[in-house]
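Down below is the structure, laid out as structure tokens.
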Amino acid sequence: MLYRLRDAGYQAFLVGGCVRDLLLGVPPKDFDVVTNALPEEIKKLFRNCRLVGRRFRLAHVYFGREIVEVATFRASSAPLQSEEPLPDADPEDGEAPEIDEPLATELEEDSGNGEERVLDEHGRILRDNVYGTIDEDVWRRDFTANALYYNIADFSVWDYVGGVEDIAARRLRLIGDPETRYREDPVRMLRAARFEAKLGFTVDEATAEPIPRLKGLLAAVPAARLFDETLKLFLTGHGARSLEVLRRRGLLETLLPTVAAYLDAHPGSLVEKLVMQGLRNTDSRVLEGKPVTPTFLFAVLLYGPIAQAIESAPPERWHEQATILDACDRAIREAQVHIAIPRRFTLGVREMIALQPRLEHPRGRRALRLLEHPRFRAAYDLLLLRAEQGLAPAEMAQWWTRIQEVSAEERVRMADELAGQKSRPEAPRKRRRRRRRRPSNPT
Ligand code: ATP
Ligand code: MG
């Protein structure tokens, strides 16, 4: 596709993360292209092309299931591609009305030649369609390592900012004055944390320094964008390291304040271990190419705040569904202040958590129906994780592992056997003992 642009007389470069990853010898996640062709011109060249974005218009060119993002050089330091909600964001429940507006409104608002830039009173760029040349485009990129251009015409790398050297030194450095760049787009603070976690680079001192002072600016960022950024932090294979970096840089406090507060108040707790292990498990799944879901992620991240909300009820009510669901709702509501978690995921979190006591105390043959529950698999994974930390009875986790492996008849036998055990005289004592232990480890 780069060649089609070139053959039509345009400049075309690979840019950003893919060039960085190629230099690092790791496979790029996706390919971003920049060109001096205008969006409308790109659209004429590619049949399978759609123009997207309001704050910044760019072209998505489809190759089967792959999307290549083709952007036109821009001339200011506005946020780029990643500011746009993910293509698969659910328009029903994401709070991302920005992309839903008809293009016509946009064009009306545009001044004359379709170029425009709008800032808010804090210097944050709200909209930006000022097209430019490559040597203007480069200054709007965030980190030097992300600002390299690979020219397909002669296979050369164009480096205006010392990015090649920084990559070799594994150094993460913002282009330009860090404070100005964070003010323009506070999400760059989260991106710094993400690349620190993902690449294992050392953050340059001047790049790290303003973060504690400016992290409050993240409050002004649309919650839908923070949701997207949260998924990039936690669901792309380095979630455990992302959490460590976010905590160390004080950014978890602004992104998920209740989670940060819980972890700070309970250092070394079983919940902290559960969160870290949950993130590590998710990371392994990503690396194995298995699917991962925001539902499981948020159930793990919010585990502490949910447990805390449950514990604020009287102990005899801790195992009631109403208590558990109220606790989930409270924890989710507090998280939603900052991150717009689409409803299908928050519903999933509630179901996963509410299934925990039912998995811990399966009741006869009715328990078998839980295997059919759409959230069973996620709830079972959470049960395993809890059992691993001693937050749920290990024998029940094993029981559910086994029951999934056996035949239908054997399942019925296992359910009956369990029901039978429970009616044995010593069983109530065992249950009571477990219940008394539970105050320290609810849900
Ligand atoms: P990844 O490998 O995680 O996708 P990436 O570097 O490709 O990393 P993207 O979010 O896909 O990151 O963005 C592509 C490029 O756009 C970046 O490399 C960077 O040059 C530029 N960019 C993205 N977001 C911003 C931003 N908020 N501010 C400035 N430049 C940005
Ligand atoms: Mg990318």
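Just so we're on the same page: first chain in the structure tokens is A, next is B, and so on; residues restart at 1 for each chain, and ligands are numbered from 1 in the order they show up.
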Quick one: residues within 8 Å of ligand 2, with only C-alpha atoms and all ligand atoms, as a ChimeraX atom specification? /A:16-18,28-32,82
Print the selection's residues with N, CA and C atoms to a file, as a PDB file, in the first residue's frame.
ATOM      1  N   GLY A  16       6.286   5.739  13.716  1.00  0.00           N
ATOM      2  CA  GLY A  16       5.831   5.467  15.086  1.00  0.00           C
ATOM      3  C   GLY A  16       6.241   4.100  15.590  1.00  0.00           C
ATOM      4  N   GLY A  17       5.311   3.489  16.323  1.00  0.00           N
ATOM      5  CA  GLY A  17       5.599   2.251  17.035  1.00  0.00           C
ATOM      6  C   GLY A  17       6.187   1.143  16.173  1.00  0.00           C
ATOM      7  N   CYS A  18       5.738   1.057  14.919  1.00  0.00           N
ATOM      8  CA  CYS A  18       6.219  -0.070  14.115  1.00  0.00           C
ATOM      9  C   CYS A  18       7.698   0.097  13.762  1.00  0.00           C
ATOM     10  N   PRO A  28       6.109  -5.698  15.251  1.00  0.00           N
ATOM     11  CA  PRO A  28       5.169  -4.593  15.491  1.00  0.00           C
ATOM     12  C   PRO A  28       3.747  -5.106  15.610  1.00  0.00           C
ATOM     13  N   LYS A  29       2.983  -4.415  16.447  1.00  0.00           N
ATOM     14  CA  LYS A  29       1.590  -4.784  16.669  1.00  0.00           C
ATOM     15  C   LYS A  29       0.757  -4.396  15.457  1.00  0.00           C
ATOM     16  N   ASP A  30       1.042  -3.241  14.925  1.00  0.00           N
ATOM     17  CA  ASP A  30       0.319  -2.764  13.741  1.00  0.00           C
ATOM     18  C   ASP A  30       1.215  -1.778  13.003  1.00  0.00           C
ATOM     19  N   PHE A  31       0.788  -1.396  11.820  1.00  0.00           N
ATOM     20  CA  PHE A  31       1.598  -0.487  11.021  1.00  0.00           C
ATOM     21  C   PHE A  31       0.870   0.819  10.800  1.00  0.00           C
ATOM     22  N   ASP A  32       1.546   1.908  11.106  1.00  0.00           N
ATOM     23  CA  ASP A  32       0.976   3.226  10.836  1.00  0.00           C
ATOM     24  C   ASP A  32       1.743   3.862   9.689  1.00  0.00           C
ATOM     25  N   SER A  82      -3.940   7.746  18.639  1.00  0.00           N
ATOM     26  CA  SER A  82      -4.407   6.999  19.795  1.00  0.00           C
ATOM     27  C   SER A  82      -5.466   7.764  20.575  1.00  0.00           C
TER      28      SER A  82
END
With only C-alpha atoms and all ligand atoms counted and 8 Å as the cut-off, give the residues of chain A in contact with ligand 1, each with its shortest interatomic distance in Å and the pair that gives it, as JSON lines.
{"residue": "A:Val15", "atom": "CA", "partner": "ligand 1", "partner_atom_place_in_ligand_line": "18 (O)", "distance": 6.8}
{"residue": "A:Gly16", "atom": "CA", "partner": "ligand 1", "partner_atom_place_in_ligand_line": "18 (O)", "distance": 3.3}
{"residue": "A:Gly17", "atom": "CA", "partner": "ligand 1", "partner_atom_place_in_ligand_line": "6 (O)", "distance": 3.3}
{"residue": "A:Cys18", "atom": "CA", "partner": "ligand 1", "partner_atom_place_in_ligand_line": "7 (O)", "distance": 6.0}
{"residue": "A:Arg20", "atom": "CA", "partner": "ligand 1", "partner_atom_place_in_ligand_line": "6 (O)", "distance": 7.5}
{"residue": "A:Asp21", "atom": "CA", "partner": "ligand 1", "partner_atom_place_in_ligand_line": "2 (O)", "distance": 7.2}
{"residue": "A:Pro28", "atom": "CA", "partner": "ligand 1", "partner_atom_place_in_ligand_line": "2 (O)", "distance": 6.3}
{"residue": "A:Lys29", "atom": "CA", "partner": "ligand 1", "partner_atom_place_in_ligand_line": "2 (O)", "distance": 5.6}
{"residue": "A:Asp30", "atom": "CA", "partner": "ligand 1", "partner_atom_place_in_ligand_line": "4 (O)", "distance": 6.5}
{"residue": "A:Phe31", "atom": "CA", "partner": "ligand 1", "partner_atom_place_in_ligand_line": "7 (O)", "distance": 7.4}
{"residue": "A:Asp32", "atom": "CA", "partner": "ligand 1", "partner_atom_place_in_ligand_line": "14 (C)", "distance": 6.6}
{"residue": "A:Ser77", "atom": "CA", "partner": "ligand 1", "partner_atom_place_in_ligand_line": "29 (C)", "distance": 6.7}
{"residue": "A:Ala78", "atom": "CA", "partner": "ligand 1", "partner_atom_place_in_ligand_line": "28 (N)", "distance": 6.4}
{"residue": "A:Pro79", "atom": "CA", "partner": "ligand 1", "partner_atom_place_in_ligand_line": "28 (N)", "distance": 4.0}
{"residue": "A:Leu80", "atom": "CA", "partner": "ligand 1", "partner_atom_place_in_ligand_line": "25 (C)", "distance": 4.5}
{"residue": "A:Gln81", "atom": "CA", "partner": "ligand 1", "partner_atom_place_in_ligand_line": "23 (C)", "distance": 5.3}
{"residue": "A:Ser82", "atom": "CA", "partner": "ligand 1", "partner_atom_place_in_ligand_line": "10 (O)", "distance": 4.3}
{"residue": "A:Glu83", "atom": "CA", "partner": "ligand 1", "partner_atom_place_in_ligand_line": "27 (N)", "distance": 6.2}
{"residue": "A:Val138", "atom": "CA", "partner": "ligand 1", "partner_atom_place_in_ligand_line": "20 (O)", "distance": 7.9}
{"residue": "A:Arg140", "atom": "CA", "partner": "ligand 1", "partner_atom_place_in_ligand_line": "29 (C)", "distance": 5.6}
{"residue": "A:Arg141", "atom": "CA", "partner": "ligand 1", "partner_atom_place_in_ligand_line": "30 (N)", "distance": 3.5}
{"residue": "A:Asp142", "atom": "CA", "partner": "ligand 1", "partner_atom_place_in_ligand_line": "29 (C)", "distance": 3.7}
{"residue": "A:Phe143", "atom": "CA", "partner": "ligand 1", "partner_atom_place_in_ligand_line": "20 (O)", "distance": 6.8}
{"residue": "A:Ala145", "atom": "CA", "partner": "ligand 1", "partner_atom_place_in_ligand_line": "18 (O)", "distance": 7.6}
{"residue": "A:Asn146", "atom": "CA", "partner": "ligand 1", "partner_atom_place_in_ligand_line": "18 (O)", "distance": 3.9}
{"residue": "A:Ala147", "atom": "CA", "partner": "ligand 1", "partner_atom_place_in_ligand_line": "20 (O)", "distance": 5.0}
{"residue": "A:Leu148", "atom": "CA", "partner": "ligand 1", "partner_atom_place_in_ligand_line": "20 (O)", "distance": 7.8}
{"residue": "A:Arg181", "atom": "CA", "partner": "ligand 1", "partner_atom_place_in_ligand_line": "28 (N)", "distance": 8.0}
{"residue": "A:Asp185", "atom": "CA", "partner": "ligand 1", "partner_atom_place_in_ligand_line": "27 (N)", "distance": 6.1}
{"residue": "A:Pro186", "atom": "CA", "partner": "ligand 1", "partner_atom_place_in_ligand_line": "27 (N)", "distance": 8.0}
{"residue": "A:Val187", "atom": "CA", "partner": "ligand 1", "partner_atom_place_in_ligand_line": "27 (N)", "distance": 6.0}
{"residue": "A:Arg188", "atom": "CA", "partner": "ligand 1", "partner_atom_place_in_ligand_line": "27 (N)", "distance": 5.2}
{"residue": "A:Arg191", "atom": "CA", "partner": "ligand 1", "partner_atom_place_in_ligand_line": "27 (N)", "distance": 7.3}
{"residue": "A:Arg194", "atom": "CA", "partner": "ligand 1", "partner_atom_place_in_ligand_line": "3 (O)", "distance": 8.0}
{"residue": "A:Phe195", "atom": "CA", "partner": "ligand 1", "partner_atom_place_in_ligand_line": "3 (O)", "distance": 7.4}
{"residue": "A:Lys198", "atom": "CA", "partner": "ligand 1", "partner_atom_place_in_ligand_line": "3 (O)", "distance": 8.0}
{"residue": "A:Lys232", "atom": "CA", "partner": "ligand 1", "partner_atom_place_in_ligand_line": "3 (O)", "distance": 7.2}
9 Å contact set for stretch 297-309 of chain A, only C-alpha atoms, chain neighbours under 4 positions out, as JSON, numbers by chain: {"A": [231, 234, 235, 256, 258, 259, 261, 262, 263, 271, 272, 274, 275, 276, 278, 279, 282, 292, 293, 313, 323, 324, 326, 327, 328, 329, 330, 331, 332, 335, 341, 345, 346, 348, 349, 350, 352, 353, 382, 441, 442, 443]}
d(atom CA of A:Leu371, atom CA of A:Gln404) in Å: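 Pair atom CA of A:Leu371 / atom CA of A:Gln404 returns 7.9 Å.
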Could you give me, as a list in words, each residue of stretch 145-376 of chain A that DSSP assigns to strand (DSSP E) when run on this structure's backbone?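 Here is the list: Tyr149, Tyr150, Asn151, Ser156, Val157, Trp158, Arg171, Leu172, Thr202 and Val203 of chain A.
By only C-alpha atoms, and with residues fewer than 3 positions from A:Val68 along its chain excluded, the set lying at most 12 Å from it is Met1, Leu2, Leu14, Val15, Cys18, Lys29, Asp30, Phe31, Asp32, Val33, Val34, Phe46, Asn48, Cys49, Arg50, Leu51, Leu58, Ala59, His60, Val61, Tyr62, Phe63, Gly64, Arg65, Ala71 and Gln81 of chain A.
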So that I can check the surroundings of A:Pro357, please list as a ChimeraX atom specification every protein, DNA and RNA residue that reaches within 12 Å of it, counting only C-alpha atoms and ignoring chain neighbours fewer than 4 positions away. /A:318-321,323-325,351-353,361-363,367,370,379-380,382-383,386,391-393,396-397,435,438,442-443
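Reported to one decimal place, the separation of atom CA of A:Val164 from atom CA of A:Asp204 is 15.0 Å.
With distances restricted to only C-alpha atoms, A:Arg6 is the closest residue to A:Asp154 from A:Lys290, A:Arg369, A:Arg6, A:His266.
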